[in-house]
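The structure file data07.cif is reproduced below (mmCIF, C-alpha atoms, pLDDT in the B column; chains and numbers go by the auth columns).
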```cif
data_work
loop_
_atom_site.group_PDB
_atom_site.id
_atom_site.type_symbol
_atom_site.label_atom_id
_atom_site.label_comp_id
_atom_site.label_asym_id
_atom_site.label_seq_id
_atom_site.Cartn_x
_atom_site.Cartn_y
_atom_site.Cartn_z
_atom_site.B_iso_or_equiv
_atom_site.auth_seq_id
_atom_site.auth_asym_id
ATOM 1 C CA ASP A 1 0.000 0.000 0.000 92.00 24 A
ATOM 2 C CA TYR A 2 1.490 3.337 -1.035 92.00 25 A
ATOM 3 C CA TYR A 3 0.444 6.913 -0.285 91.00 26 A
ATOM 4 C CA SER A 4 1.209 9.397 -3.076 88.00 27 A
ATOM 5 C CA PRO A 5 1.262 13.063 -2.046 84.00 28 A
ATOM 6 C CA HIS A 6 1.035 13.945 -5.747 79.00 29 A
ATOM 7 C CA SER A 7 -2.433 12.395 -6.083 85.00 30 A
ATOM 8 C CA ASP A 8 -3.236 12.589 -2.330 90.00 31 A
ATOM 9 C CA ARG A 9 -4.437 8.989 -2.239 91.00 32 A
ATOM 10 C CA SER A 10 -3.294 5.498 -1.307 92.00 33 A
ATOM 11 C CA THR A 11 -3.178 2.568 -3.700 91.00 34 A
ATOM 12 C CA SER A 12 -2.213 -1.099 -3.463 91.00 35 A
ATOM 13 C CA ARG A 13 0.533 -2.153 -5.827 89.00 36 A
ATOM 14 C CA VAL A 14 2.553 -5.154 -6.863 89.00 37 A
ATOM 15 C CA VAL A 15 6.082 -4.086 -7.736 90.00 38 A
ATOM 16 C CA GLU A 16 9.460 -5.558 -8.569 90.00 39 A
ATOM 17 C CA VAL A 17 12.114 -3.679 -6.574 90.00 40 A
ATOM 18 C CA HIS A 18 15.200 -3.193 -8.741 91.00 41 A
ATOM 19 C CA LEU A 19 17.125 -0.763 -6.529 91.00 42 A
ATOM 20 C CA LEU A 20 17.055 0.645 -2.996 91.00 43 A
ATOM 21 C CA HIS A 21 18.416 4.178 -3.274 88.00 44 A
ATOM 22 C CA ASN A 22 19.140 6.796 -0.609 85.00 45 A
ATOM 23 C CA PHE A 23 18.550 10.394 -1.617 82.00 46 A
ATOM 24 C CA LEU A 24 19.181 13.131 0.954 76.00 47 A
ATOM 25 C CA GLY A 25 18.531 10.701 3.803 82.00 48 A
ATOM 26 C CA ASP A 26 15.293 9.250 2.410 85.00 49 A
ATOM 27 C CA TRP A 27 15.157 5.713 1.063 92.00 50 A
ATOM 28 C CA TYR A 28 13.449 4.958 -2.244 90.00 51 A
ATOM 29 C CA ALA A 29 12.493 1.623 -3.769 91.00 52 A
ATOM 30 C CA VAL A 30 13.033 2.052 -7.506 90.00 53 A
ATOM 31 C CA SER A 31 10.565 -0.503 -8.797 90.00 54 A
ATOM 32 C CA PHE A 32 8.846 -1.852 -11.859 91.00 55 A
ATOM 33 C CA ASP A 33 5.130 -1.345 -11.231 90.00 56 A
ATOM 34 C CA ARG A 34 3.285 -4.277 -12.784 89.00 57 A
ATOM 35 C CA ALA A 35 -0.007 -2.420 -13.208 88.00 58 A
ATOM 36 C CA LYS A 36 1.580 0.653 -14.827 88.00 59 A
ATOM 37 C CA GLN A 37 4.107 -1.466 -16.765 90.00 60 A
ATOM 38 C CA ASP A 38 6.724 1.170 -16.012 87.00 61 A
ATOM 39 C CA PHE A 39 9.218 2.152 -13.347 88.00 62 A
ATOM 40 C CA ARG A 40 8.240 4.239 -10.341 88.00 63 A
ATOM 41 C CA ASP A 41 10.189 5.619 -7.386 88.00 64 A
ATOM 42 C CA PHE A 42 8.504 4.799 -4.084 90.00 65 A
ATOM 43 C CA ASN A 43 9.516 6.623 -0.910 89.00 66 A
ATOM 44 C CA VAL A 44 9.898 3.785 1.597 91.00 67 A
ATOM 45 C CA GLY A 45 8.461 5.945 4.393 90.00 68 A
ATOM 46 C CA ARG A 46 5.128 6.114 2.540 91.00 69 A
ATOM 47 C CA MET A 47 4.749 2.333 2.282 91.00 70 A
ATOM 48 C CA LYS A 48 2.423 0.301 4.507 92.00 71 A
ATOM 49 C CA ASN A 49 1.665 -3.431 4.684 90.00 72 A
ATOM 50 C CA VAL A 50 4.773 -4.383 2.715 89.00 73 A
ATOM 51 C CA ARG A 51 5.211 -8.088 2.123 85.00 74 A
ATOM 52 C CA ALA A 52 7.299 -10.236 -0.169 84.00 75 A
ATOM 53 C CA LYS A 53 5.672 -12.904 -2.277 78.00 76 A
ATOM 54 C CA GLU A 54 7.746 -15.850 -1.142 74.00 77 A
ATOM 55 C CA THR A 55 6.700 -18.075 -4.016 75.00 78 A
ATOM 56 C CA GLU A 56 7.278 -15.528 -6.756 76.00 79 A
ATOM 57 C CA TYR A 57 10.516 -14.283 -8.281 81.00 80 A
ATOM 58 C CA PHE A 58 11.187 -11.838 -11.095 83.00 81 A
ATOM 59 C CA GLU A 59 13.923 -11.098 -13.581 83.00 82 A
ATOM 60 C CA THR A 60 15.398 -7.605 -13.834 84.00 83 A
ATOM 61 C CA GLN A 61 13.670 -5.756 -16.666 85.00 84 A
ATOM 62 C CA LYS A 62 15.614 -6.266 -19.874 87.00 85 A
ATOM 63 C CA GLY A 63 17.958 -3.377 -20.647 88.00 86 A
ATOM 64 C CA TRP A 64 17.379 -1.645 -17.302 88.00 87 A
ATOM 65 C CA ASN A 65 20.445 0.174 -15.978 88.00 88 A
ATOM 66 C CA ALA A 66 20.357 1.797 -12.527 88.00 89 A
ATOM 67 C CA SER A 67 22.906 4.500 -13.359 84.00 90 A
ATOM 68 C CA GLU A 68 21.117 5.536 -16.562 84.00 91 A
ATOM 69 C CA TYR A 69 17.754 5.489 -14.809 83.00 92 A
ATOM 70 C CA LEU A 70 18.911 7.803 -12.003 80.00 93 A
ATOM 71 C CA GLN A 71 20.360 10.286 -14.511 78.00 94 A
ATOM 72 C CA ARG A 72 16.918 10.826 -16.081 80.00 95 A
ATOM 73 C CA GLY A 73 15.640 12.673 -13.023 75.00 96 A
ATOM 74 C CA PHE A 74 16.391 15.501 -10.658 73.00 97 A
ATOM 75 C CA SER A 75 15.769 15.227 -6.922 76.00 98 A
ATOM 76 C CA MET A 76 13.943 11.873 -7.395 79.00 99 A
ATOM 77 C CA THR A 77 11.525 13.413 -9.904 76.00 100 A
ATOM 78 C CA ARG A 78 11.689 11.941 -13.391 76.00 101 A
ATOM 79 C CA GLY A 79 9.732 11.104 -16.509 79.00 102 A
ATOM 80 C CA GLY A 80 8.795 12.626 -19.827 84.00 103 A
ATOM 81 C CA ARG A 81 10.879 13.419 -22.856 90.00 104 A
ATOM 82 C CA LYS A 82 14.535 14.277 -22.354 92.00 105 A
ATOM 83 C CA VAL A 83 15.447 17.975 -22.067 95.00 106 A
ATOM 84 C CA ARG A 84 18.768 19.762 -21.601 97.00 107 A
ATOM 85 C CA VAL A 85 18.980 22.010 -18.538 97.00 108 A
ATOM 86 C CA SER A 86 21.408 24.926 -18.158 98.00 109 A
ATOM 87 C CA LEU A 87 21.786 26.855 -14.895 97.00 110 A
ATOM 88 C CA LEU A 88 24.055 29.876 -14.423 98.00 111 A
ATOM 89 C CA PHE A 89 25.365 30.800 -10.978 97.00 112 A
ATOM 90 C CA ASP A 90 26.834 34.221 -10.305 97.00 113 A
ATOM 91 C CA ALA A 91 30.348 34.656 -8.882 96.00 114 A
ATOM 92 C CA TYR A 92 29.053 34.996 -5.319 96.00 115 A
ATOM 93 C CA GLN A 93 27.051 31.741 -5.194 96.00 116 A
ATOM 94 C CA SER A 94 29.543 29.826 -7.343 95.00 117 A
ATOM 95 C CA ARG A 95 31.979 29.796 -4.418 94.00 118 A
ATOM 96 C CA TRP A 96 29.652 27.445 -2.522 93.00 119 A
ATOM 97 C CA ILE A 97 28.463 25.477 -5.544 94.00 120 A
ATOM 98 C CA ARG A 98 32.062 24.544 -6.394 93.00 121 A
ATOM 99 C CA GLU A 99 32.677 22.956 -2.997 91.00 122 A
ATOM 100 C CA ARG A 100 29.559 20.771 -3.224 88.00 123 A
ATOM 101 C CA GLY A 101 29.382 17.455 -4.992 84.00 124 A
ATOM 102 C CA ASN A 102 27.389 17.135 -8.172 86.00 125 A
ATOM 103 C CA PHE A 103 23.706 17.976 -7.941 89.00 126 A
ATOM 104 C CA HIS A 104 22.975 15.584 -10.815 89.00 127 A
ATOM 105 C CA PRO A 105 24.915 12.424 -11.734 86.00 128 A
ATOM 106 C CA GLY A 106 25.323 13.521 -15.386 88.00 129 A
ATOM 107 C CA GLU A 107 26.132 17.147 -14.649 94.00 130 A
ATOM 108 C CA HIS A 108 28.819 19.124 -16.500 96.00 131 A
ATOM 109 C CA ARG A 109 30.390 22.189 -14.887 97.00 132 A
ATOM 110 C CA GLU A 110 31.737 25.051 -16.975 97.00 133 A
ATOM 111 C CA GLU A 111 33.905 27.750 -15.409 97.00 134 A
ATOM 112 C CA LEU A 112 33.057 31.162 -16.867 97.00 135 A
ATOM 113 C CA PRO A 113 34.702 34.601 -16.730 93.00 136 A
ATOM 114 C CA ASN A 114 34.270 36.715 -13.602 95.00 137 A
ATOM 115 C CA GLY A 115 33.882 33.651 -11.348 96.00 138 A
ATOM 116 C CA ARG A 116 30.533 32.483 -12.715 97.00 139 A
ATOM 117 C CA LEU A 117 29.693 28.811 -13.093 97.00 140 A
ATOM 118 C CA ARG A 118 27.322 27.005 -15.468 98.00 141 A
ATOM 119 C CA LEU A 119 25.805 23.594 -14.717 97.00 142 A
ATOM 120 C CA THR A 120 24.284 21.559 -17.545 97.00 143 A
ATOM 121 C CA PHE A 121 22.595 18.151 -17.505 95.00 144 A
ATOM 122 C CA SER A 122 19.810 16.223 -19.222 94.00 145 A
ATOM 123 C CA ILE A 123 16.659 15.001 -17.465 91.00 146 A
ATOM 124 C CA GLY A 124 13.098 13.956 -18.227 90.00 147 A
ATOM 125 C CA GLU A 125 10.854 17.020 -18.480 91.00 148 A
ATOM 126 C CA MET A 126 8.854 15.937 -15.399 89.00 149 A
ATOM 127 C CA GLY A 127 11.975 16.782 -13.369 91.00 150 A
ATOM 128 C CA LEU A 128 11.785 20.468 -14.340 94.00 151 A
ATOM 129 C CA GLU A 129 9.490 21.189 -11.383 92.00 152 A
ATOM 130 C CA ALA A 130 12.205 20.006 -9.000 92.00 153 A
ATOM 131 C CA VAL A 131 14.859 22.007 -10.878 95.00 154 A
ATOM 132 C CA ALA A 132 12.700 25.147 -10.600 96.00 155 A
ATOM 133 C CA ARG A 133 12.492 24.711 -6.809 93.00 156 A
ATOM 134 C CA PHE A 134 16.266 24.143 -6.742 93.00 157 A
ATOM 135 C CA CYS A 135 16.860 27.405 -8.674 95.00 158 A
ATOM 136 C CA LEU A 136 14.692 29.337 -6.252 96.00 159 A
ATOM 137 C CA THR A 137 16.824 28.026 -3.379 93.00 160 A
ATOM 138 C CA TYR A 138 19.504 30.293 -4.834 94.00 161 A
ATOM 139 C CA ALA A 139 17.110 33.088 -5.870 89.00 162 A
ATOM 140 C CA GLY A 140 18.964 36.150 -7.063 91.00 163 A
ATOM 141 C CA ASN A 141 22.161 34.160 -7.598 96.00 164 A
ATOM 142 C CA CYS A 142 20.989 31.525 -10.099 96.00 165 A
ATOM 143 C CA VAL A 143 19.538 31.949 -13.572 97.00 166 A
ATOM 144 C CA ALA A 144 17.634 29.146 -15.279 97.00 167 A
ATOM 145 C CA GLU A 145 18.967 29.551 -18.817 97.00 168 A
ATOM 146 C CA LYS A 146 17.373 26.548 -20.549 97.00 169 A
ATOM 147 C CA PRO A 147 14.905 25.214 -21.396 97.00 170 A
ATOM 148 C CA THR A 148 12.362 28.000 -21.870 97.00 171 A
ATOM 149 C CA ARG A 149 9.735 26.030 -19.890 97.00 172 A
ATOM 150 C CA LEU A 150 12.077 25.977 -16.873 97.00 173 A
ATOM 151 C CA ARG A 151 12.567 29.760 -17.113 97.00 174 A
ATOM 152 C CA GLU A 152 8.778 30.188 -17.160 97.00 175 A
ATOM 153 C CA MET A 153 8.313 27.892 -14.153 95.00 176 A
ATOM 154 C CA VAL A 154 10.912 29.773 -12.083 96.00 177 A
ATOM 155 C CA LYS A 155 9.326 33.105 -13.008 96.00 178 A
ATOM 156 C CA GLU A 156 5.807 31.861 -12.122 96.00 179 A
ATOM 157 C CA LYS A 157 6.963 30.505 -8.759 95.00 180 A
ATOM 158 C CA ALA A 158 8.918 33.677 -7.933 94.00 181 A
ATOM 159 C CA GLU A 159 5.922 35.848 -8.820 95.00 182 A
ATOM 160 C CA ALA A 160 3.619 33.701 -6.667 94.00 183 A
ATOM 161 C CA ALA A 161 6.043 33.957 -3.739 92.00 184 A
ATOM 162 C CA TYR A 162 6.211 37.734 -4.213 93.00 185 A
ATOM 163 C CA ARG A 163 2.405 38.036 -4.168 95.00 186 A
ATOM 164 C CA GLN A 164 2.231 35.953 -0.986 94.00 187 A
ATOM 165 C CA HIS A 165 4.719 38.153 0.819 91.00 188 A
#
```
Final structure tokens representation of the file:
Amino acid sequence: DYYSPHSDRSTSRVVEVHLLHNFLGDWYAVSFDRAKQDFRDFNVGRMKNVRAKETEYFETQKGWNASEYLQRGFSMTRGGRKVRVSLLFDAYQSRWIRERGNFHPGEHREELPNGRLRLTFSIGEMGLEAVARFCLTYAGNCVAEKPTRLREMVKEKAEAAYRQH
């Protein structure tokens, strides 16, 4: 039984766990969902009544690669067609960004004049929401350069925050 905050409901599922993955202290069961016939990331803390089917085994889905799968998302949010993301940090914030590990497993860092830093990576478009929240963490010191939809999302969220305050 799994509670999804996205849909605000609980469902019963039969899944094939391919990977247990820790992200920022939370454990996720990266699983093939038999009903959806696709992979889903389940936060272990939202699971109830978990039980293994002792008489049933499964084979790893053909062609599935954990490393490639994790690169398709950002902050455990993934899905949709692949898009290229470009984020530009100013010289001030770049000092702290440089000392941190990668924010995305497929990230490329480009040093720019005047101490600026550009991060680029590819993700599924469903991950753009998480990237927008990430950009706003560094509001005023981070520019979402690409894609255009990401720029729009950051602007909409910043405007909503401004109206609320």
As a check of understanding, name the residues that the PyMOL selection byres ((chain A and resi 38) around 8) selects in the supplied structure, as an mmCIF file with C-alpha atoms, keeping the file's coordinate frame.
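Saved file expr_10.cif follows:
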```cif
data_model
loop_
_atom_site.group_PDB
_atom_site.id
_atom_site.type_symbol
_atom_site.label_atom_id
_atom_site.label_comp_id
_atom_site.auth_asym_id
_atom_site.auth_seq_id
_atom_site.Cartn_x
_atom_site.Cartn_y
_atom_site.Cartn_z
ATOM 1 C CA ARG A 36 0.533 -2.153 -5.827
ATOM 2 C CA VAL A 37 2.553 -5.154 -6.863
ATOM 3 C CA GLU A 39 9.460 -5.558 -8.569
ATOM 4 C CA VAL A 40 12.114 -3.679 -6.574
ATOM 5 C CA SER A 54 10.565 -0.503 -8.797
ATOM 6 C CA PHE A 55 8.846 -1.852 -11.859
ATOM 7 C CA ASP A 56 5.130 -1.345 -11.231
ATOM 8 C CA ARG A 57 3.285 -4.277 -12.784
#
```
* Just give me the gap between atom CA of A:Phe62 and atom CA of A:His131 in Å, one decimal is fine. =>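 Computing it gives 26.1 Å between the two atoms.
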* Asked: Can you list what the PyMOL selection byres ((chain A and resi 31-35) around 10) grabs from this structure, as a count of residues only?
  -> 15
* Could you write out as a PyMOL selection string the residues that the PyMOL selection byres ((chain A and resi 181) around 12) matches in the shown file? -> chain A and resi 155-156+158-163+174-180+182-188
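For the residues A:Glu134, A:Glu152, A:Asp49, A:Glu77, ranking by smallest atom-to-atom distance to A:Gly96 using all atoms listed in the file places A:Glu152 first.
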* Structure fact -> A straight line from atom CA of A:Arg123 to atom CA of A:Cys165 spans 15.4 Å
For stretch 38-41 of chain A, I'd like the enclosing box, axis-aligned and padded by 4 Å on every side, reported as lines of an AutoDock Vina configuration file with centre and edge lengths in Å to one decimal.
```
center_x = 10.6
center_y = -4.4
center_z = -7.7
size_x = 17.1
size_y = 10.4
size_z = 10.2
```
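The closest residue to A:Leu42, picked from A:Arg63, A:Ile146, A:Tyr80, A:Ala114 and counting only C-alpha atoms, is A:Arg63.
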* Structure fact -> In terms of all atoms listed in the file, the residue from A:Val106, A:Glu133, A:His41, A:Leu173 at minimal distance from A:Gln94 is A:Val106
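With atom CA of A:Ser117 on one side and atom CA of A:Gly147 on the other, the separation reads 25.3 Å.
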* To do: Would you mind telling me which residue in A:Asn137, A:Lys105, A:Trp87, A:Ser98 lies nearest to A:Asn125 when using only C-alpha atoms?
  => A:Ser98
* Spatial neighbours of A:Gly150, max dist 6 Å, all atoms listed in the file, sep filter under 4 positions, as a list in words ->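 Returned residues: Gly96, Phe97, Thr100 and Arg101 of chain A.
Closest approach to A:Leu142 among A:Thr83, A:Thr171, A:Ser109, A:Asn88 is made by A:Ser109 (distances from only C-alpha atoms).
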